Amino acid sequence: MPVQNRFAEFADELTEWRRDIHRHPEIRFEENRTAAFVAERLQAFGCDEVVTGFAKTGVVAVIKGRETGSGRTLGFRADMDALPITEATGLDYASENAGKMHACGHDGHTTMLLGAAKYLAETRNFDGTIVLIFQPAEEGGGGARLMLEEGLVDTFGIDEFYGMHNWPGIEAGQFAVLEGPLMSAAGGFSITVKGKGGHGAMPHMSVDTSLAASNIVLALQSIVARNVNPLRSAVISICGMRSDTDTYNVIPDTVELKGTLRFFDKDVGKLMLERMEAVVSNTAAAYGAVATIDHLDGGVGPTVNDVQAAGHAAVAARAVTGQEPVVIDPVMPAEDFSEMLEAKPGCYVFIGNGPSADLHNPHYNFNDEILPVGASWFATMAETRMSLK
Ligand code: NI
């Protein structure tokens with residue numbers, strides 16, 4: 001894996017940082033130790049400015065280039081939060097925080113951006129300003145939105161945003177750079193089905209919410225199959241089903257369903273929401289029940305890469321690996337970096353994690369071999385997008 005020589009020199013240090021962060025995972029808006037770890041190093045590197053407590057537990061740092069005449073400011077973002085998952089890797093640096101785990105590789109993302117910060121603060125071979133954004137609460141906590149609400153763009157004058165996620169299944173250290181949609185929009189919902197509970201042996205005396213809810217689950221699948229244009233992508237999944245009884249002979253009064261919607265195109269999302277209302281209420285009514293839908297806060301839009309920014313990202317990827325970025329299809333997981341890309345143009349890229357367990361799996365682990373590669377990409381982005389004359 002070719003990387004800038006300087007990064008190869010401190011690969012061991014990067015691995016040490018990553019494993020330290022991995023050992024101490026913190027979930028949404030609790031990233032106090034992680035933020036302190038990050039801020040301490042950013043200060044030691046000699047960044048021009050280090051702001052802590054931005055969007056609660058976020059950290060933002062500024063590094064000015066040798067020249068700043070271009071007037072351009074790039075925002076590089078890494079996410080810092082872990083997940084409420086019990087780690088099952090058995091690693092000697094596995095999570096010490098029960099029920100919490102870096103199962104999405106944000107420990108690696110944070111480390112790669114820290115590595116780039118160390119190099120950029122030392123070399124400053126670019127014409128412009130780099131803003132390093134260490135974001136809290138990516139996993140459903142609205143961290144990106146809060147950073148934007150607290151004035152991330154205006155406070156630091158950011159013109160373009162760039163970020164990176166590791167991706168299992170792509171060869172380790174290879175980049176995937178897509179123009180346009182990369183990751184889908186996501187919205188969580190719950191459906192409450194109310195009927196009339198009763199004796200399991202006398203269903204005619206009840207309004208059976210289990211039957212109504214089961215038919216709602218089936219009918220919801222008709223939306224993607226029959227309403228969404230087959231050339232567009234969409235998903236509706238029911239992931240949770242719970243009734244107010246937990247026994248074998250009582251028909252429940254209430255059943256709750258939980259699920260998620262995924263789509264790339266906002267018009268498709270609007271159509272899905274409209275059809276959900278009709279399918280859910282009418283299916284419930286057909287069985288004599290009543291159903292209501294609640295949409296959870298914290299949904300995010302699709303992650304859409306700007307065509308020109310994707311071009312700049314690909315230039316940096318080629319410079320680091322000496323190879324063309326790999327070609328992949330867009331994916332259905334969502335990412336709140338989408339909110340930053342709605343505020344300003346930019347690009348989110350994937351870096352291959354090799355044949356690891358999947359993201360959000362208790363056996364997943366970030367591949368330390370790619371740390372210098374990812375750090376090189378951020379550094380090269382600065383040096384190629386804002387090259388010195
Ligand atoms: Ni993630």
# chains A, B, ... in the order shown; residues from 1 in each chain; ligands from 1

$ residues_around --residues "Leu113 of chain A" --least-positions-apart "5" --cutoff "8 Å" --atoms "only C-alpha atoms" --output "VMD selection string"
chain A and resid 76 to 78 132 374 to 375 378

$ residues_near_ligand --ligand "ligand 1" --cutoff "9 Å" --atoms "only C-alpha atoms and all ligand atoms" --output "VMD selection string"
chain A and resid 79 81 to 82 103 to 106 109 138 to 139 165 to 166 334 to 335 359 to 360

$ write_last_selection --atoms "all heavy atoms" --output "CSV table (one decimal), in the first residue's frame"
chain,number,residue,atom,x,y,z
A,79,ASP,N,-15.9,11.2,12.3
A,79,ASP,CA,-16.8,11.0,13.4
A,79,ASP,C,-16.2,10.3,14.5
A,79,ASP,O,-15.3,9.5,14.3
A,79,ASP,CB,-18.1,10.3,12.9
A,79,ASP,CG,-17.8,9.2,11.9
A,79,ASP,OD1,-16.7,8.8,11.7
A,79,ASP,OD2,-18.8,8.8,11.2
A,81,ASP,N,-18.0,8.9,17.5
A,81,ASP,CA,-18.8,8.1,18.4
A,81,ASP,C,-18.8,6.6,18.1
A,81,ASP,O,-18.6,6.1,17.0
A,81,ASP,CB,-20.2,8.6,18.4
A,81,ASP,CG,-20.9,8.6,17.1
A,81,ASP,OD1,-20.2,8.8,16.1
A,81,ASP,OD2,-22.1,8.3,17.0
A,82,ALA,N,-19.1,5.8,19.2
A,82,ALA,CA,-19.2,4.4,19.1
A,82,ALA,C,-20.7,4.0,19.2
A,82,ALA,O,-21.6,4.8,19.1
A,82,ALA,CB,-18.5,3.8,20.3
A,103,ALA,N,-17.9,-0.2,16.6
A,103,ALA,CA,-18.2,-1.3,15.6
A,103,ALA,C,-18.5,-0.7,14.2
A,103,ALA,O,-18.9,-1.4,13.3
A,103,ALA,CB,-19.5,-2.0,16.0
A,104,CYS,N,-18.2,0.6,14.0
A,104,CYS,CA,-18.4,1.3,12.7
A,104,CYS,C,-17.0,1.9,12.3
A,104,CYS,O,-17.0,2.5,11.2
A,104,CYS,CB,-19.5,2.3,12.8
A,104,CYS,SG,-20.2,2.7,11.1
A,105,GLY,N,-16.0,1.7,13.1
A,105,GLY,CA,-14.7,2.2,12.7
A,105,GLY,C,-14.5,3.7,12.8
A,105,GLY,O,-13.5,4.2,12.3
A,106,HIS,N,-15.3,4.3,13.6
A,106,HIS,CA,-15.1,5.8,13.8
A,106,HIS,C,-13.8,6.0,14.6
A,106,HIS,O,-13.2,7.1,14.6
A,106,HIS,CB,-16.3,6.4,14.6
A,106,HIS,CG,-17.6,6.3,13.8
A,106,HIS,ND1,-18.7,6.8,14.2
A,106,HIS,CD2,-17.9,5.6,12.6
A,106,HIS,CE1,-19.7,6.6,13.3
A,106,HIS,NE2,-19.2,5.8,12.3
A,109,HIS,N,-11.5,6.4,11.8
A,109,HIS,CA,-11.7,7.7,11.1
A,109,HIS,C,-11.1,8.9,11.9
A,109,HIS,O,-10.4,9.7,11.3
A,109,HIS,CB,-13.2,8.0,10.9
A,109,HIS,CG,-14.0,6.9,10.2
A,109,HIS,ND1,-15.3,6.9,10.2
A,109,HIS,CD2,-13.5,5.9,9.5
A,109,HIS,CE1,-15.7,5.8,9.5
A,109,HIS,NE2,-14.6,5.2,9.0
A,138,GLU,N,-22.6,10.7,15.4
A,138,GLU,CA,-23.1,10.4,14.0
A,138,GLU,C,-24.2,9.4,14.0
A,138,GLU,O,-25.0,9.4,13.2
A,138,GLU,CB,-21.9,9.9,13.2
A,138,GLU,CG,-22.2,9.9,11.7
A,138,GLU,CD,-22.9,8.7,11.3
A,138,GLU,OE1,-22.7,7.6,11.8
A,138,GLU,OE2,-23.8,8.8,10.3
A,139,GLU,N,-24.1,8.4,15.0
A,139,GLU,CA,-25.0,7.3,15.0
A,139,GLU,C,-26.3,7.7,15.6
A,139,GLU,O,-26.6,7.4,16.7
A,139,GLU,CB,-24.4,6.1,15.8
A,139,GLU,CG,-23.1,5.6,15.2
A,139,GLU,CD,-23.2,4.8,14.0
A,139,GLU,OE1,-24.4,4.5,13.5
A,139,GLU,OE2,-22.2,4.4,13.4
A,165,HIS,N,-15.3,7.1,5.0
A,165,HIS,CA,-15.8,6.0,5.8
A,165,HIS,C,-15.1,4.8,5.3
A,165,HIS,O,-14.9,4.6,4.1
A,165,HIS,CB,-17.3,5.8,5.7
A,165,HIS,CG,-17.9,5.2,6.9
A,165,HIS,ND1,-17.6,3.9,7.3
A,165,HIS,CD2,-18.7,5.7,7.9
A,165,HIS,CE1,-18.2,3.6,8.4
A,165,HIS,NE2,-18.9,4.7,8.8
A,166,ASN,N,-14.6,3.9,6.2
A,166,ASN,CA,-14.1,2.6,5.9
A,166,ASN,C,-15.2,1.7,5.4
A,166,ASN,O,-16.4,1.9,5.8
A,166,ASN,CB,-13.4,2.0,7.0
A,166,ASN,CG,-14.3,1.4,8.0
A,166,ASN,OD1,-14.6,0.2,8.0
A,166,ASN,ND2,-14.9,2.2,8.9
A,334,ALA,N,-27.2,4.9,5.8
A,334,ALA,CA,-27.2,6.4,5.7
A,334,ALA,C,-26.1,7.0,6.6
A,334,ALA,O,-25.5,6.3,7.4
A,334,ALA,CB,-28.5,6.9,6.2
A,335,GLU,N,-25.9,8.3,6.4
A,335,GLU,CA,-24.7,8.9,7.0
A,335,GLU,C,-25.0,10.4,7.2
A,335,GLU,O,-25.5,11.0,6.3
A,335,GLU,CB,-23.6,8.7,6.0
A,335,GLU,CG,-22.4,9.6,6.2
A,335,GLU,CD,-21.7,9.4,7.5
A,335,GLU,OE1,-21.3,8.3,7.8
A,335,GLU,OE2,-21.6,10.4,8.3
A,359,LEU,N,-19.8,-3.7,9.1
A,359,LEU,CA,-20.0,-2.6,10.0
A,359,LEU,C,-21.2,-2.9,10.9
A,359,LEU,O,-22.2,-3.5,10.5
A,359,LEU,CB,-20.4,-1.3,9.2
A,359,LEU,CG,-19.3,-0.8,8.2
A,359,LEU,CD1,-19.8,0.3,7.4
A,359,LEU,CD2,-18.0,-0.4,9.0
A,360,HIS,N,-21.1,-2.5,12.2
A,360,HIS,CA,-22.2,-2.6,13.2
A,360,HIS,C,-22.3,-4.1,13.6
A,360,HIS,O,-23.3,-4.5,14.3
A,360,HIS,CB,-23.6,-2.1,12.7
A,360,HIS,CG,-23.6,-0.6,12.6
A,360,HIS,ND1,-24.7,0.1,12.7
A,360,HIS,CD2,-22.6,0.3,12.3
A,360,HIS,CE1,-24.4,1.4,12.5
A,360,HIS,NE2,-23.2,1.5,12.2

$ residues_around --residues "Gly200 of chain A" --least-positions-apart "2" --cutoff "8 Å" --atoms "only C-alpha atoms" --output "VMD selection string"
chain A and resid 198 202 to 203 248 to 251

$ atom_distance --atom1 "atom CA of Gln308 of chain A" --atom2 "atom CA of Lys64 of chain A"
23.3 Å

$ residues_around --residues "segment 312-320 of chain A" --least-positions-apart "4" --cutoff "8 Å" --atoms "only C-alpha atoms" --output "MDAnalysis selection string"
chainID A and resid 2:4 175 177 308 324:325 347 349 373 376:377 380:381 384:385

$ write_last_selection --atoms "N, CA and C atoms" --output "CSV table (one decimal), in the first residue's frame"
chain,number,residue,atom,x,y,z
A,2,PRO,N,0.9,2.0,-1.1
A,2,PRO,CA,1.8,3.2,-1.1
A,2,PRO,C,1.2,4.3,-0.3
A,3,VAL,N,2.0,4.9,0.5
A,3,VAL,CA,1.5,6.1,1.3
A,3,VAL,C,2.7,7.1,1.3
A,4,GLN,N,2.3,8.3,1.6
A,4,GLN,CA,3.4,9.3,1.7
A,4,GLN,C,4.4,8.8,2.8
A,175,PHE,N,-9.7,3.1,-2.7
A,175,PHE,CA,-10.7,4.1,-2.5
A,175,PHE,C,-11.9,3.9,-3.5
A,177,VAL,N,-14.8,6.3,-5.1
A,177,VAL,CA,-15.3,7.7,-5.1
A,177,VAL,C,-16.4,7.8,-6.2
A,308,GLN,N,-17.8,18.0,-9.1
A,308,GLN,CA,-16.4,18.5,-9.2
A,308,GLN,C,-15.6,18.1,-7.9
A,324,GLU,N,-6.7,3.7,-10.1
A,324,GLU,CA,-8.0,4.3,-10.2
A,324,GLU,C,-8.9,3.9,-9.0
A,325,PRO,N,-9.7,4.8,-8.5
A,325,PRO,CA,-10.7,4.4,-7.5
A,325,PRO,C,-11.5,3.2,-8.0
A,347,CYS,N,-17.4,16.0,-0.9
A,347,CYS,CA,-17.4,14.5,-1.3
A,347,CYS,C,-17.1,13.6,-0.1
A,349,VAL,N,-15.9,9.8,0.6
A,349,VAL,CA,-15.3,8.6,-0.1
A,349,VAL,C,-15.3,7.4,0.9
A,373,VAL,N,-2.9,5.2,5.0
A,373,VAL,CA,-3.5,5.5,3.6
A,373,VAL,C,-4.5,6.6,3.7
A,376,SER,N,-3.0,9.9,4.5
A,376,SER,CA,-2.4,10.4,3.3
A,376,SER,C,-3.4,11.0,2.4
A,377,TRP,N,-4.6,10.4,2.3
A,377,TRP,CA,-5.6,11.0,1.4
A,377,TRP,C,-6.0,12.4,1.9
A,380,THR,N,-3.2,14.7,1.1
A,380,THR,CA,-3.1,14.9,-0.3
A,380,THR,C,-4.2,15.8,-0.8
A,381,MET,N,-5.4,15.6,-0.2
A,381,MET,CA,-6.5,16.5,-0.6
A,381,MET,C,-6.2,18.0,-0.4
A,384,THR,N,-3.4,18.9,-3.0
A,384,THR,CA,-3.7,19.0,-4.5
A,384,THR,C,-4.9,19.9,-4.7
A,385,ARG,N,-5.8,20.0,-3.8
A,385,ARG,CA,-7.0,20.9,-4.0
A,385,ARG,C,-6.5,22.4,-3.8

$ select_by_dssp --residues "segment 69-296 of chain A" --states "strand (DSSP E)" --output "PyMOL selection string"
chain A and resi 73-79+129-135+160-167+175-176+180-183+185-194+198-199+234-243+250-251+254-263+290-295

$ residues_around --residues "Arg275 of chain A" --least-positions-apart "2" --cutoff "10 Å" --atoms "only C-alpha atoms" --output "PDB file with N, CA, C and O atoms, in the first residue's frame"
ATOM      1  N   LEU A 220     -47.022  -3.259   3.567  1.00  0.00           N
ATOM      2  CA  LEU A 220     -45.993  -2.219   3.399  1.00  0.00           C
ATOM      3  C   LEU A 220     -45.013  -2.597   2.291  1.00  0.00           C
ATOM      4  O   LEU A 220     -44.459  -1.735   1.613  1.00  0.00           O
ATOM      5  N   SER A 222     -45.667  -3.788  -0.454  1.00  0.00           N
ATOM      6  CA  SER A 222     -46.212  -3.465  -1.784  1.00  0.00           C
ATOM      7  C   SER A 222     -45.771  -2.078  -2.242  1.00  0.00           C
ATOM      8  O   SER A 222     -45.796  -1.768  -3.427  1.00  0.00           O
ATOM      9  N   ILE A 223     -45.344  -1.230  -1.301  1.00  0.00           N
ATOM     10  CA  ILE A 223     -44.998   0.148  -1.680  1.00  0.00           C
ATOM     11  C   ILE A 223     -43.762   0.161  -2.575  1.00  0.00           C
ATOM     12  O   ILE A 223     -43.778   0.739  -3.661  1.00  0.00           O
ATOM     13  N   VAL A 224     -42.696  -0.509  -2.125  1.00  0.00           N
ATOM     14  CA  VAL A 224     -41.487  -0.558  -2.959  1.00  0.00           C
ATOM     15  C   VAL A 224     -41.750  -1.404  -4.204  1.00  0.00           C
ATOM     16  O   VAL A 224     -41.331  -1.053  -5.317  1.00  0.00           O
ATOM     17  N   ASN A 227     -45.335   0.674  -6.055  1.00  0.00           N
ATOM     18  CA  ASN A 227     -45.546   2.122  -6.192  1.00  0.00           C
ATOM     19  C   ASN A 227     -44.304   2.867  -6.636  1.00  0.00           C
ATOM     20  O   ASN A 227     -44.383   3.823  -7.399  1.00  0.00           O
ATOM     21  N   VAL A 228     -43.136   2.427  -6.121  1.00  0.00           N
ATOM     22  CA  VAL A 228     -41.893   3.118  -6.473  1.00  0.00           C
ATOM     23  C   VAL A 228     -41.467   2.668  -7.871  1.00  0.00           C
ATOM     24  O   VAL A 228     -41.548   1.478  -8.201  1.00  0.00           O
ATOM     25  N   GLY A 269     -39.006   9.477  -1.527  1.00  0.00           N
ATOM     26  CA  GLY A 269     -39.282   9.506  -0.097  1.00  0.00           C
ATOM     27  C   GLY A 269     -40.683  10.039   0.200  1.00  0.00           C
ATOM     28  O   GLY A 269     -41.409   9.491   1.033  1.00  0.00           O
ATOM     29  N   LYS A 270     -41.057  11.091  -0.499  1.00  0.00           N
ATOM     30  CA  LYS A 270     -42.386  11.703  -0.296  1.00  0.00           C
ATOM     31  C   LYS A 270     -43.486  10.707  -0.692  1.00  0.00           C
ATOM     32  O   LYS A 270     -44.477  10.525   0.029  1.00  0.00           O
ATOM     33  N   LEU A 271     -43.294  10.047  -1.818  1.00  0.00           N
ATOM     34  CA  LEU A 271     -44.265   9.052  -2.278  1.00  0.00           C
ATOM     35  C   LEU A 271     -44.400   7.926  -1.250  1.00  0.00           C
ATOM     36  O   LEU A 271     -45.512   7.501  -0.905  1.00  0.00           O
ATOM     37  N   MET A 272     -43.263   7.465  -0.712  1.00  0.00           N
ATOM     38  CA  MET A 272     -43.302   6.366   0.258  1.00  0.00           C
ATOM     39  C   MET A 272     -44.073   6.767   1.514  1.00  0.00           C
ATOM     40  O   MET A 272     -44.859   5.979   2.045  1.00  0.00           O
ATOM     41  N   LEU A 273     -43.852   8.018   1.974  1.00  0.00           N
ATOM     42  CA  LEU A 273     -44.555   8.471   3.175  1.00  0.00           C
ATOM     43  C   LEU A 273     -46.065   8.546   2.929  1.00  0.00           C
ATOM     44  O   LEU A 273     -46.865   8.123   3.772  1.00  0.00           O
ATOM     45  N   GLU A 277     -49.004   6.082   4.832  1.00  0.00           N
ATOM     46  CA  GLU A 277     -50.205   6.545   5.552  1.00  0.00           C
ATOM     47  C   GLU A 277     -51.431   5.756   5.093  1.00  0.00           C
ATOM     48  O   GLU A 277     -52.210   5.248   5.903  1.00  0.00           O
ATOM     49  N   ALA A 278     -51.612   5.670   3.762  1.00  0.00           N
ATOM     50  CA  ALA A 278     -52.806   5.009   3.217  1.00  0.00           C
ATOM     51  C   ALA A 278     -52.800   3.512   3.515  1.00  0.00           C
ATOM     52  O   ALA A 278     -53.810   2.955   3.979  1.00  0.00           O
ATOM     53  N   VAL A 279     -51.659   2.863   3.297  1.00  0.00           N
ATOM     54  CA  VAL A 279     -51.579   1.409   3.469  1.00  0.00           C
ATOM     55  C   VAL A 279     -51.792   1.032   4.940  1.00  0.00           C
ATOM     56  O   VAL A 279     -52.555   0.113   5.268  1.00  0.00           O
ATOM     57  N   VAL A 280     -51.165   1.777   5.842  1.00  0.00           N
ATOM     58  CA  VAL A 280     -51.236   1.429   7.266  1.00  0.00           C
ATOM     59  C   VAL A 280     -52.648   1.659   7.814  1.00  0.00           C
ATOM     60  O   VAL A 280     -53.246   0.771   8.436  1.00  0.00           O
TER      61      VAL A 280
END

$ residues_around --residues "segment 15-31 of chain A" --least-positions-apart "5" --cutoff "10 Å" --atoms "only C-alpha atoms" --output "ChimeraX atom specification"
/A:10,36-38,55-58,80-85,91-103,105-112,114-115,135-143,365-372

$ write_last_selection --atoms "N, CA and C atoms" --output "compact mmCIF listing (two decimals), in the first residue's frame"
# COMPACT_ATOMS: atom_id res chain seq x y z
N PHE A 10 5.07 7.25 10.78
CA PHE A 10 4.35 7.19 12.06
C PHE A 10 3.13 6.27 12.06
N ALA A 36 -11.09 14.81 24.48
CA ALA A 36 -9.89 15.29 25.20
C ALA A 36 -8.63 14.71 24.55
N PHE A 37 -8.70 13.44 24.18
CA PHE A 37 -7.58 12.75 23.51
C PHE A 37 -7.22 13.48 22.22
N VAL A 38 -8.28 13.83 21.45
CA VAL A 38 -8.10 14.51 20.16
C VAL A 38 -7.55 15.93 20.38
N ALA A 55 -20.74 21.82 19.53
CA ALA A 55 -21.81 20.82 19.46
C ALA A 55 -21.60 19.79 20.59
N LYS A 56 -21.56 20.30 21.80
CA LYS A 56 -21.38 19.53 23.03
C LYS A 56 -19.98 18.92 23.12
N THR A 57 -19.74 17.77 22.46
CA THR A 57 -18.46 17.07 22.64
C THR A 57 -17.60 17.09 21.38
N GLY A 58 -17.95 17.94 20.42
CA GLY A 58 -17.15 18.03 19.19
C GLY A 58 -15.89 18.86 19.38
N MET A 80 -16.59 10.55 15.75
CA MET A 80 -15.86 10.02 16.93
C MET A 80 -16.66 9.01 17.75
N ASP A 81 -17.97 8.86 17.47
CA ASP A 81 -18.79 8.09 18.41
C ASP A 81 -18.79 6.59 18.14
N ALA A 82 -19.10 5.84 19.20
CA ALA A 82 -19.21 4.38 19.14
C ALA A 82 -20.68 3.99 19.16
N LEU A 83 -20.93 2.69 19.24
CA LEU A 83 -22.30 2.16 19.19
C LEU A 83 -22.64 1.39 20.47
N PRO A 84 -23.92 1.31 20.81
CA PRO A 84 -24.32 0.51 21.98
C PRO A 84 -24.36 -0.98 21.62
N ILE A 85 -23.20 -1.56 21.37
CA ILE A 85 -23.06 -2.97 20.98
C ILE A 85 -22.03 -3.60 21.92
N LEU A 91 -10.29 -9.19 21.06
CA LEU A 91 -8.99 -8.52 20.87
C LEU A 91 -8.39 -8.13 22.21
N ASP A 92 -7.05 -8.02 22.26
CA ASP A 92 -6.47 -7.63 23.55
C ASP A 92 -6.69 -6.15 23.83
N TYR A 93 -7.14 -5.40 22.82
CA TYR A 93 -7.50 -3.99 23.08
C TYR A 93 -9.00 -3.77 22.90
N ALA A 94 -9.79 -4.83 23.16
CA ALA A 94 -11.25 -4.72 23.02
C ALA A 94 -11.83 -3.70 24.00
N SER A 95 -13.06 -3.32 23.75
CA SER A 95 -13.75 -2.31 24.56
C SER A 95 -13.70 -2.62 26.05
N GLU A 96 -13.38 -1.58 26.82
CA GLU A 96 -13.42 -1.71 28.29
C GLU A 96 -14.70 -1.11 28.83
N ASN A 97 -15.53 -0.56 27.94
CA ASN A 97 -16.80 0.04 28.37
C ASN A 97 -17.93 -0.93 28.01
N ALA A 98 -18.49 -1.57 29.03
CA ALA A 98 -19.48 -2.61 28.80
C ALA A 98 -20.62 -2.11 27.91
N GLY A 99 -20.98 -2.91 26.92
CA GLY A 99 -22.13 -2.59 26.07
C GLY A 99 -21.87 -1.50 25.06
N LYS A 100 -20.62 -1.06 24.93
CA LYS A 100 -20.27 -0.02 23.96
C LYS A 100 -19.10 -0.51 23.11
N MET A 101 -19.12 -0.15 21.85
CA MET A 101 -18.10 -0.68 20.95
C MET A 101 -17.90 0.21 19.73
N HIS A 102 -16.65 0.35 19.29
CA HIS A 102 -16.39 1.00 18.00
C HIS A 102 -16.61 -0.03 16.90
N ALA A 103 -17.88 -0.23 16.55
CA ALA A 103 -18.24 -1.26 15.57
C ALA A 103 -18.47 -0.66 14.18
N GLY A 105 -15.99 1.70 13.06
CA GLY A 105 -14.67 2.17 12.65
C GLY A 105 -14.45 3.66 12.83
N HIS A 106 -15.29 4.32 13.64
CA HIS A 106 -15.08 5.75 13.85
C HIS A 106 -13.78 6.01 14.63
N ASP A 107 -13.31 4.97 15.36
CA ASP A 107 -12.00 5.07 16.00
C ASP A 107 -10.92 5.27 14.93
N GLY A 108 -11.07 4.52 13.82
CA GLY A 108 -10.12 4.65 12.72
C GLY A 108 -10.26 5.99 12.00
N HIS A 109 -11.50 6.43 11.79
CA HIS A 109 -11.71 7.72 11.10
C HIS A 109 -11.06 8.86 11.89
N THR A 110 -11.29 8.84 13.22
CA THR A 110 -10.72 9.88 14.08
C THR A 110 -9.20 9.86 14.00
N THR A 111 -8.63 8.65 14.02
CA THR A 111 -7.18 8.51 13.98
C THR A 111 -6.60 8.99 12.65
N MET A 112 -7.25 8.65 11.54
CA MET A 112 -6.74 9.07 10.22
C MET A 112 -6.71 10.59 10.11
N LEU A 114 -6.57 12.67 12.64
CA LEU A 114 -5.52 13.15 13.56
C LEU A 114 -4.14 13.03 12.90
N GLY A 115 -3.92 11.92 12.21
CA GLY A 115 -2.64 11.71 11.52
C GLY A 115 -2.42 12.79 10.47
N GLN A 135 -16.44 15.17 14.77
CA GLN A 135 -17.88 15.28 15.04
C GLN A 135 -18.36 14.26 16.06
N PRO A 136 -19.21 14.70 16.98
CA PRO A 136 -19.84 13.73 17.89
C PRO A 136 -21.12 13.16 17.25
N ALA A 137 -21.62 12.09 17.86
CA ALA A 137 -23.00 11.64 17.63
C ALA A 137 -23.40 11.49 16.17
N GLU A 138 -22.63 10.69 15.41
CA GLU A 138 -23.06 10.41 14.03
C GLU A 138 -24.15 9.37 14.02
N GLU A 139 -24.06 8.42 14.98
CA GLU A 139 -25.00 7.29 14.97
C GLU A 139 -26.34 7.67 15.56
N GLY A 140 -27.14 8.36 14.77
CA GLY A 140 -28.51 8.67 15.18
C GLY A 140 -28.63 9.79 16.19
N GLY A 141 -27.57 10.52 16.44
CA GLY A 141 -27.65 11.57 17.45
C GLY A 141 -27.76 12.97 16.86
N GLY A 142 -27.69 13.09 15.56
CA GLY A 142 -27.82 14.41 14.93
C GLY A 142 -26.62 15.30 15.16
N GLY A 143 -25.43 14.70 15.32
CA GLY A 143 -24.22 15.48 15.60
C GLY A 143 -23.88 16.47 14.49
N ASN A 365 -13.79 -5.10 13.15
CA ASN A 365 -12.66 -4.32 13.65
C ASN A 365 -12.09 -3.49 12.50
N PHE A 366 -11.70 -2.27 12.82
CA PHE A 366 -11.06 -1.40 11.84
C PHE A 366 -9.67 -1.96 11.52
N ASN A 367 -9.29 -1.88 10.24
CA ASN A 367 -8.01 -2.44 9.78
C ASN A 367 -6.90 -1.38 9.93
N ASP A 368 -5.99 -1.62 10.89
CA ASP A 368 -4.94 -0.62 11.16
C ASP A 368 -4.03 -0.35 9.97
N GLU A 369 -3.94 -1.32 9.05
CA GLU A 369 -3.06 -1.12 7.88
C GLU A 369 -3.49 0.06 7.02
N ILE A 370 -4.76 0.42 7.08
CA ILE A 370 -5.23 1.50 6.19
C ILE A 370 -5.12 2.89 6.84
N LEU A 371 -4.69 2.93 8.12
CA LEU A 371 -4.59 4.24 8.79
C LEU A 371 -3.69 5.21 8.03
N PRO A 372 -2.45 4.80 7.65
CA PRO A 372 -1.59 5.76 6.94
C PRO A 372 -2.15 6.13 5.57

$ residues_around --residues "segment 119-124 of chain A" --least-positions-apart "3" --cutoff "6 Å" --atoms "only C-alpha atoms" --output "ChimeraX atom specification"
/A:47,65-66,116

$ select_by_dssp --residues "segment 152-347 of chain A" --states "helix (DSSP H, G or I)" --output "MDAnalysis selection string"
chainID A and resid 152:156 203:205 209:227 266:286 307:321 337:343

$ closest_residue --among "A:Met164, A:Ala286, A:Ala219, A:Ala291" --to "Ile191 of chain A" --atoms "only C-alpha atoms"
A:Ala291

$ closest_residue --among "A:Ser206, A:Ser190, A:Asn282, A:Thr303" --to "Ile238 of chain A" --atoms "only C-alpha atoms"
A:Ser190

$ atom_distance --atom1 "atom CA of Gly75 of chain A" --atom2 "atom CA of Ala39 of chain A"
16.7 Å
